[in-house]
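K.L.:
This one is my_file.pdb, PDB, C-alpha atoms.
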ATOM      1  CA  MET A  14       8.112 -17.598   7.177  1.00  0.00           C
ATOM      2  CA  ASN A  15       9.753 -17.968  10.573  1.00  0.00           C
ATOM      3  CA  VAL A  16       8.181 -16.707  13.799  1.00  0.00           C
ATOM      4  CA  ARG A  17      10.332 -13.571  13.963  1.00  0.00           C
ATOM      5  CA  LEU A  18       9.347 -12.461  10.453  1.00  0.00           C
ATOM      6  CA  TYR A  19       5.714 -13.405  11.100  1.00  0.00           C
ATOM      7  CA  VAL A  20       5.603 -11.206  14.213  1.00  0.00           C
ATOM      8  CA  TRP A  21       7.297  -8.305  12.398  1.00  0.00           C
ATOM      9  CA  GLN A  22       4.875  -8.532   9.480  1.00  0.00           C
ATOM     10  CA  ARG A  23       1.777  -8.646  11.685  1.00  0.00           C
ATOM     11  CA  ALA A  24       3.106  -5.900  14.012  1.00  0.00           C
ATOM     12  CA  THR A  25       3.833  -3.575  11.091  1.00  0.00           C
ATOM     13  CA  ALA A  26       0.408  -4.420   9.638  1.00  0.00           C
ATOM     14  CA  ALA A  27      -1.251  -3.419  12.914  1.00  0.00           C
ATOM     15  CA  VAL A  28       0.785  -0.197  13.037  1.00  0.00           C
ATOM     16  CA  MET A  29      -0.200   0.638   9.463  1.00  0.00           C
ATOM     17  CA  VAL A  30      -3.964   0.166   9.902  1.00  0.00           C
ATOM     18  CA  PRO A  31      -4.539   3.679  11.332  1.00  0.00           C
ATOM     19  CA  LEU A  32      -1.757   5.136   9.153  1.00  0.00           C
ATOM     20  CA  ILE A  33      -3.406   3.875   5.943  1.00  0.00           C
ATOM     21  CA  ALA A  34      -6.825   5.070   7.101  1.00  0.00           C
ATOM     22  CA  VAL A  35      -5.408   8.578   7.657  1.00  0.00           C
ATOM     23  CA  HIS A  36      -3.491   8.400   4.352  1.00  0.00           C
ATOM     24  CA  LEU A  37      -6.695   7.516   2.469  1.00  0.00           C
ATOM     25  CA  ALA A  38      -8.430  10.478   4.101  1.00  0.00           C
ATOM     26  CA  VAL A  39      -5.487  12.690   3.069  1.00  0.00           C
ATOM     27  CA  ILE A  40      -5.723  11.377  -0.519  1.00  0.00           C
ATOM     28  CA  PHE A  41      -9.404  12.350  -0.677  1.00  0.00           C
ATOM     29  CA  TYR A  42      -8.752  15.727   0.940  1.00  0.00           C
ATOM     30  CA  ALA A  43      -5.696  16.526  -1.191  1.00  0.00           C
ATOM     31  CA  THR A  44      -7.371  15.635  -4.493  1.00  0.00           C
ATOM     32  CA  ARG A  45     -10.613  17.546  -3.837  1.00  0.00           C
ATOM     33  CA  ASN A  46      -9.543  20.384  -6.174  1.00  0.00           C
ATOM     34  CA  GLY A  47      -6.768  18.599  -8.084  1.00  0.00           C
ATOM     35  CA  LEU A  48      -3.203  18.071  -6.913  1.00  0.00           C
ATOM     36  CA  THR A  49      -0.722  20.922  -6.987  1.00  0.00           C
ATOM     37  CA  ALA A  50       2.773  21.107  -5.553  1.00  0.00           C
ATOM     38  CA  VAL A  51       1.867  24.337  -3.740  1.00  0.00           C
ATOM     39  CA  ASP A  52      -1.014  22.600  -1.924  1.00  0.00           C
ATOM     40  CA  ILE A  53       1.022  19.500  -1.040  1.00  0.00           C
ATOM     41  CA  LEU A  54       4.147  21.331   0.094  1.00  0.00           C
ATOM     42  CA  GLY A  55       2.088  24.021   1.842  1.00  0.00           C
ATOM     43  CA  ARG A  56       0.676  21.297   4.083  1.00  0.00           C
ATOM     44  CA  THR A  57       3.865  19.329   4.653  1.00  0.00           C
ATOM     45  CA  ARG A  58       6.858  21.710   4.551  1.00  0.00           C
ATOM     46  CA  GLY A  59       8.107  22.364   8.061  1.00  0.00           C
ATOM     47  CA  SER A  60       5.513  20.062   9.620  1.00  0.00           C
ATOM     48  CA  MET A  61       7.072  17.874  12.310  1.00  0.00           C
ATOM     49  CA  ALA A  62       3.778  15.990  12.679  1.00  0.00           C
ATOM     50  CA  TRP A  63       3.554  14.968   8.995  1.00  0.00           C
ATOM     51  CA  GLY A  64       7.278  14.218   8.992  1.00  0.00           C
ATOM     52  CA  LEU A  65       6.933  11.795  11.915  1.00  0.00           C
ATOM     53  CA  PHE A  66       3.695  10.339  10.549  1.00  0.00           C
ATOM     54  CA  TYR A  67       5.087   9.552   7.090  1.00  0.00           C
ATOM     55  CA  SER A  68       8.504   8.467   8.408  1.00  0.00           C
ATOM     56  CA  ALA A  69       6.760   5.874  10.595  1.00  0.00           C
ATOM     57  CA  PHE A  70       4.628   4.888   7.609  1.00  0.00           C
ATOM     58  CA  VAL A  71       7.700   4.411   5.391  1.00  0.00           C
ATOM     59  CA  VAL A  72       9.558   2.318   7.981  1.00  0.00           C
ATOM     60  CA  ALA A  73       6.524   0.093   8.621  1.00  0.00           C
ATOM     61  CA  ALA A  74       5.766  -0.266   4.893  1.00  0.00           C
ATOM     62  CA  ALA A  75       9.387  -1.137   4.034  1.00  0.00           C
ATOM     63  CA  ILE A  76       9.470  -3.904   6.668  1.00  0.00           C
ATOM     64  CA  HIS A  77       5.968  -5.185   5.852  1.00  0.00           C
ATOM     65  CA  ALA A  78       6.461  -5.182   2.074  1.00  0.00           C
ATOM     66  CA  SER A  79       9.896  -6.800   2.122  1.00  0.00           C
ATOM     67  CA  ILE A  80       8.660  -9.694   4.288  1.00  0.00           C
ATOM     68  CA  GLY A  81       5.659 -10.118   1.971  1.00  0.00           C
ATOM     69  CA  VAL A  82       7.851 -10.061  -1.130  1.00  0.00           C
ATOM     70  CA  ARG A  83      10.148 -12.667   0.450  1.00  0.00           C
ATOM     71  CA  THR A  84       7.195 -14.977   1.087  1.00  0.00           C
ATOM     72  CA  ILE A  85       5.863 -14.546  -2.459  1.00  0.00           C
ATOM     73  CA  LEU A  86       9.304 -15.204  -3.966  1.00  0.00           C
ATOM     74  CA  ILE A  87       9.734 -18.394  -1.921  1.00  0.00           C
ATOM     75  CA  GLU A  88       6.257 -19.687  -2.803  1.00  0.00           C
ATOM     76  CA  TRP A  89       5.894 -18.497  -6.402  1.00  0.00           C
ATOM     77  CA  SER A  90       9.425 -18.283  -7.811  1.00  0.00           C
ATOM     78  CA  PRO A  91      12.262 -20.786  -8.183  1.00  0.00           C
ATOM     79  CA  LEU A  92      14.355 -18.789  -5.692  1.00  0.00           C
ATOM     80  CA  ARG A  93      15.430 -20.527  -2.504  1.00  0.00           C
ATOM     81  CA  ALA A  94      14.832 -18.941   0.901  1.00  0.00           C
ATOM     82  CA  GLY A  95      18.376 -17.520   1.106  1.00  0.00           C
ATOM     83  CA  SER A  96      18.240 -15.756  -2.261  1.00  0.00           C
ATOM     84  CA  ALA A  97      14.668 -14.585  -1.639  1.00  0.00           C
ATOM     85  CA  GLY A  98      15.815 -13.167   1.702  1.00  0.00           C
ATOM     86  CA  ILE A  99      18.678 -11.256   0.060  1.00  0.00           C
ATOM     87  CA  PHE A 100      16.377  -9.851  -2.639  1.00  0.00           C
ATOM     88  CA  ALA A 101      13.745  -8.907  -0.039  1.00  0.00           C
ATOM     89  CA  THR A 102      16.344  -7.191   2.152  1.00  0.00           C
ATOM     90  CA  LEU A 103      17.624  -5.179  -0.811  1.00  0.00           C
ATOM     91  CA  PHE A 104      14.061  -4.305  -1.820  1.00  0.00           C
ATOM     92  CA  GLY A 105      13.176  -3.249   1.735  1.00  0.00           C
ATOM     93  CA  SER A 106      16.330  -1.130   1.938  1.00  0.00           C
ATOM     94  CA  LEU A 107      15.446   0.538  -1.384  1.00  0.00           C
ATOM     95  CA  LEU A 108      11.929   1.284  -0.151  1.00  0.00           C
ATOM     96  CA  LEU A 109      13.296   2.679   3.100  1.00  0.00           C
ATOM     97  CA  ALA A 110      15.859   4.910   1.373  1.00  0.00           C
ATOM     98  CA  LEU A 111      13.488   6.215  -1.333  1.00  0.00           C
ATOM     99  CA  GLY A 112      10.673   6.622   1.181  1.00  0.00           C
ATOM    100  CA  LEU A 113      12.681   8.616   3.693  1.00  0.00           C
ATOM    101  CA  LEU A 114      14.086  10.715   0.843  1.00  0.00           C
ATOM    102  CA  ALA A 115      10.528  11.433  -0.323  1.00  0.00           C
ATOM    103  CA  VAL A 116       9.498  12.401   3.221  1.00  0.00           C
ATOM    104  CA  ALA A 117      12.513  14.711   3.460  1.00  0.00           C
ATOM    105  CA  ALA A 118      11.638  16.208   0.060  1.00  0.00           C
ATOM    106  CA  VAL A 119       8.139  17.204   1.093  1.00  0.00           C
ATOM    107  CA  VAL A 120       8.748  18.003   4.784  1.00  0.00           C
ATOM    108  CA  LEU A 121      12.085  19.806   5.014  1.00  0.00           C
ATOM    109  CA  PRO A 122      11.681  23.567   4.562  1.00  0.00           C
TER     110      PRO A 122
ATOM    111  CA  MET B  15      -8.607 -35.402 -10.583  1.00  0.00           C
ATOM    112  CA  MET B  16      -7.084 -32.080 -11.611  1.00  0.00           C
ATOM    113  CA  ARG B  17     -10.469 -30.451 -11.169  1.00  0.00           C
ATOM    114  CA  ALA B  18     -10.751 -31.875  -7.650  1.00  0.00           C
ATOM    115  CA  ARG B  19      -7.277 -30.594  -6.786  1.00  0.00           C
ATOM    116  CA  LEU B  20      -8.192 -27.079  -7.897  1.00  0.00           C
ATOM    117  CA  ARG B  21     -11.659 -27.033  -6.338  1.00  0.00           C
ATOM    118  CA  HIS B  22     -10.482 -24.900  -3.394  1.00  0.00           C
ATOM    119  CA  ARG B  23      -9.750 -22.106  -5.847  1.00  0.00           C
ATOM    120  CA  ARG B  24     -13.466 -21.591  -6.311  1.00  0.00           C
ATOM    121  CA  HIS B  25     -13.812 -20.769  -2.613  1.00  0.00           C
ATOM    122  CA  LEU B  26     -14.391 -17.082  -1.961  1.00  0.00           C
ATOM    123  CA  LEU B  27     -11.878 -16.992   0.909  1.00  0.00           C
ATOM    124  CA  TRP B  28      -9.145 -18.540  -1.278  1.00  0.00           C
ATOM    125  CA  ASN B  29      -9.796 -15.731  -3.741  1.00  0.00           C
ATOM    126  CA  ALA B  30      -9.757 -13.211  -0.879  1.00  0.00           C
ATOM    127  CA  ALA B  31      -6.288 -14.471   0.082  1.00  0.00           C
ATOM    128  CA  LEU B  32      -5.184 -14.217  -3.559  1.00  0.00           C
ATOM    129  CA  VAL B  33      -6.535 -10.655  -3.835  1.00  0.00           C
ATOM    130  CA  HIS B  34      -4.713  -9.762  -0.608  1.00  0.00           C
ATOM    131  CA  ARG B  35      -1.444 -11.140  -1.944  1.00  0.00           C
ATOM    132  CA  LEU B  36      -1.743  -9.604  -5.421  1.00  0.00           C
ATOM    133  CA  SER B  37      -2.826  -6.210  -4.060  1.00  0.00           C
ATOM    134  CA  GLY B  38       0.159  -6.235  -1.705  1.00  0.00           C
ATOM    135  CA  LEU B  39       2.490  -7.150  -4.546  1.00  0.00           C
ATOM    136  CA  ALA B  40       1.082  -4.414  -6.792  1.00  0.00           C
ATOM    137  CA  LEU B  41       1.426  -1.844  -3.986  1.00  0.00           C
ATOM    138  CA  ALA B  42       5.020  -2.969  -3.361  1.00  0.00           C
ATOM    139  CA  ILE B  43       5.803  -2.425  -7.053  1.00  0.00           C
ATOM    140  CA  PHE B  44       4.071   0.978  -7.029  1.00  0.00           C
ATOM    141  CA  LEU B  45       5.714   2.305  -3.858  1.00  0.00           C
ATOM    142  CA  PRO B  46       9.216   3.024  -5.256  1.00  0.00           C
ATOM    143  CA  LEU B  47       7.641   4.964  -8.149  1.00  0.00           C
ATOM    144  CA  HIS B  48       5.453   6.900  -5.695  1.00  0.00           C
ATOM    145  CA  PHE B  49       8.488   7.784  -3.579  1.00  0.00           C
ATOM    146  CA  LEU B  50      10.503   8.823  -6.647  1.00  0.00           C
ATOM    147  CA  ALA B  51       7.653  11.111  -7.755  1.00  0.00           C
ATOM    148  CA  LEU B  52       7.444  12.788  -4.328  1.00  0.00           C
ATOM    149  CA  GLY B  53      11.229  13.045  -4.265  1.00  0.00           C
ATOM    150  CA  LEU B  54      10.982  15.396  -7.242  1.00  0.00           C
ATOM    151  CA  ALA B  55      10.133  18.085  -4.674  1.00  0.00           C
ATOM    152  CA  LEU B  56      13.849  18.066  -3.805  1.00  0.00           C
ATOM    153  CA  GLN B  57      14.401  19.743  -7.181  1.00  0.00           C
ATOM    154  CA  GLY B  58      11.817  22.400  -6.369  1.00  0.00           C
ATOM    155  CA  ALA B  59       8.040  22.798  -6.375  1.00  0.00           C
ATOM    156  CA  ALA B  60       8.025  23.527 -10.115  1.00  0.00           C
ATOM    157  CA  ARG B  61       9.542  20.116 -10.881  1.00  0.00           C
ATOM    158  CA  LEU B  62       6.871  18.373  -8.781  1.00  0.00           C
ATOM    159  CA  ASP B  63       4.175  20.510 -10.386  1.00  0.00           C
ATOM    160  CA  GLY B  64       5.396  19.493 -13.838  1.00  0.00           C
ATOM    161  CA  PHE B  65       4.959  15.847 -12.878  1.00  0.00           C
ATOM    162  CA  LEU B  66       1.521  16.471 -11.321  1.00  0.00           C
ATOM    163  CA  ARG B  67       0.359  18.189 -14.528  1.00  0.00           C
ATOM    164  CA  TRP B  68       1.498  15.117 -16.468  1.00  0.00           C
ATOM    165  CA  THR B  69      -0.678  12.929 -14.217  1.00  0.00           C
ATOM    166  CA  ASP B  70      -3.717  15.109 -14.898  1.00  0.00           C
ATOM    167  CA  SER B  71      -5.252  12.790 -17.517  1.00  0.00           C
ATOM    168  CA  TRP B  72      -8.195  10.402 -17.332  1.00  0.00           C
ATOM    169  CA  ILE B  73      -5.953   7.341 -17.866  1.00  0.00           C
ATOM    170  CA  VAL B  74      -3.816   8.252 -14.850  1.00  0.00           C
ATOM    171  CA  LYS B  75      -6.971   9.040 -12.827  1.00  0.00           C
ATOM    172  CA  PHE B  76      -8.252   5.532 -13.587  1.00  0.00           C
ATOM    173  CA  LEU B  77      -4.905   4.069 -12.499  1.00  0.00           C
ATOM    174  CA  GLU B  78      -5.056   6.157  -9.314  1.00  0.00           C
ATOM    175  CA  GLY B  79      -8.581   4.854  -8.695  1.00  0.00           C
ATOM    176  CA  GLY B  80      -7.173   1.350  -9.085  1.00  0.00           C
ATOM    177  CA  LEU B  81      -4.467   2.148  -6.540  1.00  0.00           C
ATOM    178  CA  VAL B  82      -7.059   3.456  -4.088  1.00  0.00           C
ATOM    179  CA  PHE B  83      -8.937   0.163  -4.538  1.00  0.00           C
ATOM    180  CA  LEU B  84      -5.745  -1.879  -4.022  1.00  0.00           C
ATOM    181  CA  LEU B  85      -4.773   0.072  -0.899  1.00  0.00           C
ATOM    182  CA  THR B  86      -8.261  -0.179   0.616  1.00  0.00           C
ATOM    183  CA  VAL B  87      -8.772  -3.851  -0.212  1.00  0.00           C
ATOM    184  CA  HIS B  88      -5.308  -4.674   1.185  1.00  0.00           C
ATOM    185  CA  LEU B  89      -6.088  -2.676   4.340  1.00  0.00           C
ATOM    186  CA  LEU B  90      -9.487  -4.310   4.913  1.00  0.00           C
ATOM    187  CA  GLY B  91      -8.245  -7.785   3.948  1.00  0.00           C
ATOM    188  CA  GLY B  92      -5.312  -7.377   6.327  1.00  0.00           C
ATOM    189  CA  LEU B  93      -7.620  -6.160   9.090  1.00  0.00           C
ATOM    190  CA  ARG B  94      -9.741  -9.304   8.624  1.00  0.00           C
ATOM    191  CA  LEU B  95      -6.605 -11.461   8.894  1.00  0.00           C
ATOM    192  CA  LEU B  96      -5.443  -9.655  12.048  1.00  0.00           C
ATOM    193  CA  MET B  97      -8.895 -10.180  13.591  1.00  0.00           C
ATOM    194  CA  ILE B  98      -8.861 -13.900  12.726  1.00  0.00           C
ATOM    195  CA  GLU B  99      -5.404 -14.350  14.219  1.00  0.00           C
ATOM    196  CA  ASN B 100      -5.789 -12.230  17.345  1.00  0.00           C
ATOM    197  CA  LEU B 101      -9.457 -12.261  18.346  1.00  0.00           C
ATOM    198  CA  ALA B 102     -11.908 -15.032  19.130  1.00  0.00           C
ATOM    199  CA  TRP B 103     -13.120 -16.837  16.003  1.00  0.00           C
ATOM    200  CA  ARG B 104     -16.288 -15.487  14.465  1.00  0.00           C
ATOM    201  CA  GLY B 105     -18.228 -16.898  11.550  1.00  0.00           C
ATOM    202  CA  GLY B 106     -19.307 -15.076   8.426  1.00  0.00           C
ATOM    203  CA  GLN B 107     -15.769 -14.703   7.050  1.00  0.00           C
ATOM    204  CA  ARG B 108     -16.986 -15.050   3.471  1.00  0.00           C
ATOM    205  CA  GLN B 109     -19.445 -12.227   4.019  1.00  0.00           C
ATOM    206  CA  LEU B 110     -16.753 -10.092   5.688  1.00  0.00           C
ATOM    207  CA  ALA B 111     -14.386 -10.640   2.748  1.00  0.00           C
ATOM    208  CA  ALA B 112     -17.153  -9.757   0.286  1.00  0.00           C
ATOM    209  CA  VAL B 113     -18.038  -6.616   2.260  1.00  0.00           C
ATOM    210  CA  ALA B 114     -14.347  -5.614   2.318  1.00  0.00           C
ATOM    211  CA  ALA B 115     -14.163  -5.913  -1.476  1.00  0.00           C
ATOM    212  CA  GLY B 116     -17.447  -4.027  -1.843  1.00  0.00           C
ATOM    213  CA  ILE B 117     -16.381  -1.160   0.423  1.00  0.00           C
ATOM    214  CA  SER B 118     -13.056  -0.925  -1.450  1.00  0.00           C
ATOM    215  CA  ALA B 119     -14.848  -0.757  -4.791  1.00  0.00           C
ATOM    216  CA  VAL B 120     -17.202   1.962  -3.520  1.00  0.00           C
ATOM    217  CA  ILE B 121     -14.319   4.038  -2.100  1.00  0.00           C
ATOM    218  CA  ALA B 122     -12.377   3.718  -5.382  1.00  0.00           C
ATOM    219  CA  PHE B 123     -15.514   4.633  -7.353  1.00  0.00           C
ATOM    220  CA  VAL B 124     -16.134   7.732  -5.201  1.00  0.00           C
ATOM    221  CA  PHE B 125     -12.479   8.716  -5.696  1.00  0.00           C
ATOM    222  CA  LEU B 126     -12.850   8.354  -9.467  1.00  0.00           C
ATOM    223  CA  VAL B 127     -16.097  10.342  -9.603  1.00  0.00           C
ATOM    224  CA  ARG B 128     -14.446  13.174  -7.664  1.00  0.00           C
ATOM    225  CA  ALA B 129     -11.230  13.022  -9.702  1.00  0.00           C
ATOM    226  CA  LEU B 130     -12.678  12.858 -13.221  1.00  0.00           C
TER     227      LEU B 130
END
In structure tokens, what does this structure look like?
P.N.:
Amino acid sequence: MNVRLYVWQRATAAVMVPLIAVHLAVIFYATRNGLTAVDILGRTRGSMAWGLFYSAFVVAAAIHASIGVRTILIEWSPLRAGSAGIFATLFGSLLLALGLLAVAAVVLP
Amino acid sequence: MMRARLRHRRHLLWNAALVHRLSGLALAIFLPLHFLALGLALQGAARLDGFLRWTDSWIVKFLEGGLVFLLTVHLLGGLRLLMIENLAWRGGQRQLAAVAAGISAVIAFVFLVRAL
């Protein structure tokens, strides 16, 4: 991993520490009486705060995960750095697109 | 000779690094599915509700408990790494790694008890 990727991975990790802690709290709160779409969407629909929170989470997770996947592919698979980088970029882009779509699905009124 | 080469794998911190990597990999594989499930809300609340009813089984609850463990152990393992890399060195890393795994197991267990 080069220095630029190292810094990005650690920076996104640091950003995600409080985000994951809040997300875990939300998981416990949301599942206290079982999950229903009405409960979930009632909390998130039209909420700018949850929209910003989960959008930041998705962006950080997509960057963090794709760099991690690249490292694992280079160390544990026969792929060379170039191919691993292409796969990781595609994977990160997929995460970003699906993640932002999911945020839009639960936040937009 | 082989045994000597693999001796480091018995070290708790080597296993902590492995758990951190495998939990991250598992979460990376899970994330697209999680996003696709939430994206069902685009087709209406009823579509999302249909999926949530499907997940209302003890097998899925166990899997969800596993995901809570993976997320927590990756969070705490990552926090330990960030502390090692950015703060002054402190001893007791094996104990910290063990505590991180223990806390993650307790949190996942509490989740399961509440969910089942």
K.L.:
Return the single residue from A:Val51, A:Ile80, A:Val16, A:Ile99 that is closest to chain B, with distances computed using only C-alpha atoms.
P.N.:
A:Val51
K.L.:
Do me a favour and pick out the residues of chain A within 10 Å of chain B, using only C-alpha atoms, as number ranges by chain.
P.N.:
A: 23-24, 26-27, 29-31, 33-34, 36-37, 40-41, 44-51, 53-54, 71, 74-75, 77-79, 81-82, 84-85, 104-105, 107-121
K.L.:
Taking the file as shown, find all residues satisfying the PyMOL selection byres ((chain B and resi 83) around 9) and write them as a list in words.
P.N.:
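Output of the PyMOL selection byres ((chain B and resi 83) around 9): Ser37, Glu78, Gly79, Gly80, Leu81, Val82, Leu84, Leu85, Thr86, Val87, His88, Ala115, Ser118, Ala119, Val120, Ile121, Ala122 and Phe123 of chain B.
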K.L.:
Would you write out those residues with C-alpha atoms, as a JSON list (two decimals), in the coordinates of the input?
P.N.:
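What follows is the written file part-v6.json:
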[["chain", "number", "residue", "atom", "x", "y", "z"],
["B", 37, "SER", "CA", -2.83, -6.21, -4.06],
["B", 78, "GLU", "CA", -5.06, 6.16, -9.31],
["B", 79, "GLY", "CA", -8.58, 4.85, -8.70],
["B", 80, "GLY", "CA", -7.17, 1.35, -9.09],
["B", 81, "LEU", "CA", -4.47, 2.15, -6.54],
["B", 82, "VAL", "CA", -7.06, 3.46, -4.09],
["B", 84, "LEU", "CA", -5.74, -1.88, -4.02],
["B", 85, "LEU", "CA", -4.77, 0.07, -0.90],
["B", 86, "THR", "CA", -8.26, -0.18, 0.62],
["B", 87, "VAL", "CA", -8.77, -3.85, -0.21],
["B", 88, "HIS", "CA", -5.31, -4.67, 1.18],
["B", 115, "ALA", "CA", -14.16, -5.91, -1.48],
["B", 118, "SER", "CA", -13.06, -0.92, -1.45],
["B", 119, "ALA", "CA", -14.85, -0.76, -4.79],
["B", 120, "VAL", "CA", -17.20, 1.96, -3.52],
["B", 121, "ILE", "CA", -14.32, 4.04, -2.10],
["B", 122, "ALA", "CA", -12.38, 3.72, -5.38],
["B", 123, "PHE", "CA", -15.51, 4.63, -7.35]]
K.L.:
Considering all atoms listed in the file, can you say which of A:Leu32, A:Ala97, A:Val20, A:Ala62 comes closest to Ile76 (chain A)?
P.N.:
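Comparing A:Leu32, A:Ala97, A:Val20, A:Ala62 against Ile76 (chain A), the winner is A:Val20.
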K.L.:
CA of Arg83 (chain A) and CA of Ala40 (chain B), how far apart in Å?
P.N.:
14.2 Å
K.L.:
Between CA of Tyr19 (chain A) and CA of Ala94 (chain A), what distance in Å does the model show, to one decimal?
P.N.:
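So the answer is 14.8 Å.
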K.L.:
Please compute the CA of Arg108 (chain B)-CA of Asn29 (chain B) distance, one decimal, in Å.
P.N.:
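Those two atoms sit 10.2 Å apart.
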K.L.:
Quick one: of B:Leu77, B:Leu27, B:Leu20, B:Leu32, who's nearest to Phe44 (chain B), counting all atoms listed in the file?
P.N.:
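Ranking B:Leu77, B:Leu27, B:Leu20, B:Leu32 by distance to Phe44 (chain B), first place goes to B:Leu77.
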K.L.:
Show me, as lines of an AutoDock Vina configuration file, the centre and edge lengths in Å to one decimal of the axis-aligned box that covers every listed atom of region 31-45 of chain B with 8 Å on each side.
P.N.:
center_x = -0.4
center_y = -6.1
center_z = -3.5
size_x = 28.3
size_y = 32.8
size_z = 23.1
K.L.:
For Val28 (chain A), which residue among A:Thr102, A:Ser96, A:Leu86, A:Val72 is the nearest when counting all atoms listed in the file?
P.N.:
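Selected residue with least distance to Val28 (chain A): A:Val72.
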